[in-house]
Amino acid sequence: MRAKSILIIEDNEDMAHLLALHLRDLQCKVELCFDGLSGLAQIKSKQFDLVILDLMLPGCGGLEICRSIRNNSVYIPVLMLTAKDSKQDCIQGLETGADDYVTKPFSITEVLARIKAIFRRTDAIAVIAQNTQSDIIQQGSLIICSDRHKVTVNNQVIDLTAREFDLLLFFARHPGRVFSRAELLDRVWGYGHDGFEHTVNSHINRLRIKIEEDPKQPVYIQTVWGVGYKFMDK
């Protein structure tokens, strides 16, 4: 497996260098930026396997950078760092598109565990994509093109965030199977999101608004009361 390329955007230089030291011990290639604007410039000029992103940055905030990453057609995992031990900040980061978060102060062991979990998930998705016979899933007028991250309904292109796309693709690859909110958090969001089941609700509501003819009577993503959600059977 090739070495992972990681960008750390953190204005605490000592913390950034410490993270870089441990990541290089894992044979990762690491670059550092100490303000938001230079970090955003690096993201636009190079391809990274992971961005470790502080929430509070000079020049350009972490949420703004995360939004910019998610507006890009190429998916880059984001691990957000925040000094604010507040659920609202964590929720905002996740809903902006971060894959995971760590609140400061944190242990290096925890950060490395979360990074490894992100890479396990992205590597598994890549293997599935390589082994899938077709990169196109069609259900009625809904068409999902996995390798191009493209979704159309009635021949109209639907604008989805990266997380919305991941959630829809996961559902579409498991038609008819019921998933609880906790299972969806684990399978789509990854490690470390216990207690944020309402994040699933908000993403499903937005997906329904975008892909359903009548979001109040959904056809594709159906609610199984008292259990969770499922994608319509083929």
# chains A, B, ... in the order shown; residues from 1 in each chain; ligands from 1
>>> residues_around(residues="Ile76 in chain A", least_positions_apart="6", cutoff="9 Å", atoms="only C-alpha atoms", output="PyMOL selection string")
chain A and resi 47-51+69-70
>>> residues_around(residues="Ile204 in chain A", least_positions_apart="2", cutoff="12 Å", atoms="only C-alpha atoms", output="ChimeraX atom specification")
/A:95,160,163-168,171,181,184,197-202,206-212,215-216,218,220-223,228-231
>>> write_last_selection(atoms="C-alpha atoms", output="short mmCIF file (atom, residue, chain, number, x, y, z; two decimals), in the first residue's frame")
data_model
loop_
_atom_site.label_atom_id
_atom_site.label_comp_id
_atom_site.auth_asym_id
_atom_site.auth_seq_id
_atom_site.Cartn_x
_atom_site.Cartn_y
_atom_site.Cartn_z
CA GLU A 95 -22.70 18.38 9.01
CA LEU A 160 -25.30 16.31 -3.35
CA ARG A 163 -21.63 12.81 2.72
CA GLU A 164 -25.09 12.79 1.16
CA PHE A 165 -23.66 10.90 -1.80
CA ASP A 166 -21.91 8.35 0.44
CA LEU A 167 -25.15 7.78 2.37
CA LEU A 168 -27.25 7.37 -0.76
CA PHE A 171 -28.34 2.59 0.83
CA ARG A 181 -29.26 5.24 12.83
CA LEU A 184 -25.54 4.14 9.50
CA GLU A 197 -28.05 9.86 15.48
CA HIS A 198 -29.93 13.08 14.64
CA THR A 199 -27.12 13.81 12.15
CA VAL A 200 -28.44 10.82 10.16
CA ASN A 201 -31.96 12.25 10.31
CA SER A 202 -30.89 15.62 8.94
CA ARG A 206 -31.99 16.66 2.86
CA LEU A 207 -31.57 13.64 0.57
CA ARG A 208 -35.33 13.17 0.37
CA ILE A 209 -35.84 16.82 -0.54
CA LYS A 210 -33.34 16.42 -3.38
CA ILE A 211 -34.26 13.00 -4.84
CA GLU A 212 -37.88 12.31 -3.91
CA PRO A 215 -40.33 14.08 0.35
CA LYS A 216 -43.27 13.55 2.72
CA PRO A 218 -40.58 8.94 0.09
CA TYR A 220 -36.40 5.57 -2.35
CA ILE A 221 -35.37 6.04 1.29
CA GLN A 222 -38.13 4.66 3.47
CA THR A 223 -38.62 4.89 7.23
CA GLY A 228 -34.45 2.85 11.12
CA TYR A 229 -34.33 3.29 7.35
CA LYS A 230 -34.09 1.21 4.21
CA PHE A 231 -33.64 1.73 0.48
#
>>> closest_residue(among="A:Tyr75, A:Phe119, A:Tyr101, A:Phe106", to="Ala3 in chain A", atoms="only C-alpha atoms")
A:Phe119
>>> closest_residue(among="A:Gly97, A:Pro105, A:Gly62, A:Pro77", to="Ser5 in chain A", atoms="only C-alpha atoms")
A:Pro77
>>> atom_distance(atom1="CA of Ser38 in chain A", atom2="CA of Gly61 in chain A")
11.6 Å
>>> select_by_dssp(residues="range 22-178 of chain A", states="strand (DSSP E or B)", output="ChimeraX atom specification")
/A:29-33,50-54,78-82,100-103,136-139,142-145,150-153,156-157,178
>>> atom_distance(atom1="CA of Glu31 in chain A", atom2="CA of Gln92 in chain A")
25.8 Å
